Amino acid sequence: MKAAGFTISGAGHPICPVMLGDARLASRMADDMLKKGIFVIGFSYPVVPKGKARIRVQISAVHSEEDIDRCVEAFVEVGRLHGALP
């Protein structure tokens, strides 16, 4: 995800916040990820500080490397669609 251009907060933890900053962007991207079969949650104010909107991704032991690769590919596609990535 970082190599693709996303900012990921934290490290070494199964909860990986994808930092986007904009609440509307986080919400729209989370909606489009769900359309691709990837369940993620967009968080924005008042749950997190203003300007710190994010999408919460949670990785678990049941996810295969293929699942994770599919998630990253979907994030890149959706991120480009919404202008979060070049």
# chains A, B, ... in the order shown; residues from 1 in each chain; ligands from 1
>>> select_by_dssp(residues="chain A", states="helix (DSSP H, G or I)", output="VMD selection string")
chain A and resid 23 to 35 65 to 81
>>> closest_atom_pairs(of="range 5-43 of chain A", to="range 65-82 of chain A", cutoff="8 Å", atoms="only C-alpha atoms", output="CSV")
residue,atom,partner,partner_atom,distance
A:Leu25,CA,A:His82,CA,7.3
A:Met29,CA,A:Val78,CA,6.3
A:Asp32,CA,A:Val78,CA,6.8
A:Met33,CA,A:Ala74,CA,6.7
A:Lys36,CA,A:Ala74,CA,7.1
A:Ile38,CA,A:Cys71,CA,6.6
>>> closest_residue(among="A:Ala23, A:Ser60, A:Ala53, A:Pro17", to="Val40 in chain A", atoms="only C-alpha atoms")
A:Pro17
>>> closest_residue(among="A:Arg54, A:Ala26, A:Ala61, A:Leu85", to="Ile8 in chain A", atoms="only C-alpha atoms")
A:Arg54
>>> atom_distance(atom1="CA of Met19 in chain A", atom2="CA of Ala4 in chain A")
13.2 Å
>>> residues_around(residues="Ile15 in chain A", least_positions_apart="4", cutoff="10 Å", atoms="only C-alpha atoms", output="ChimeraX atom specification")
/A:9-11,56-60
>>> select_by_dssp(residues="chain A", states="strand (DSSP E or B)", output="PyMOL selection string")
chain A and resi 7-8+15-21+41-43+53-58
>>> atom_distance(atom1="CA of Asp22 in chain A", atom2="CA of Gly5 in chain A")
16.0 Å
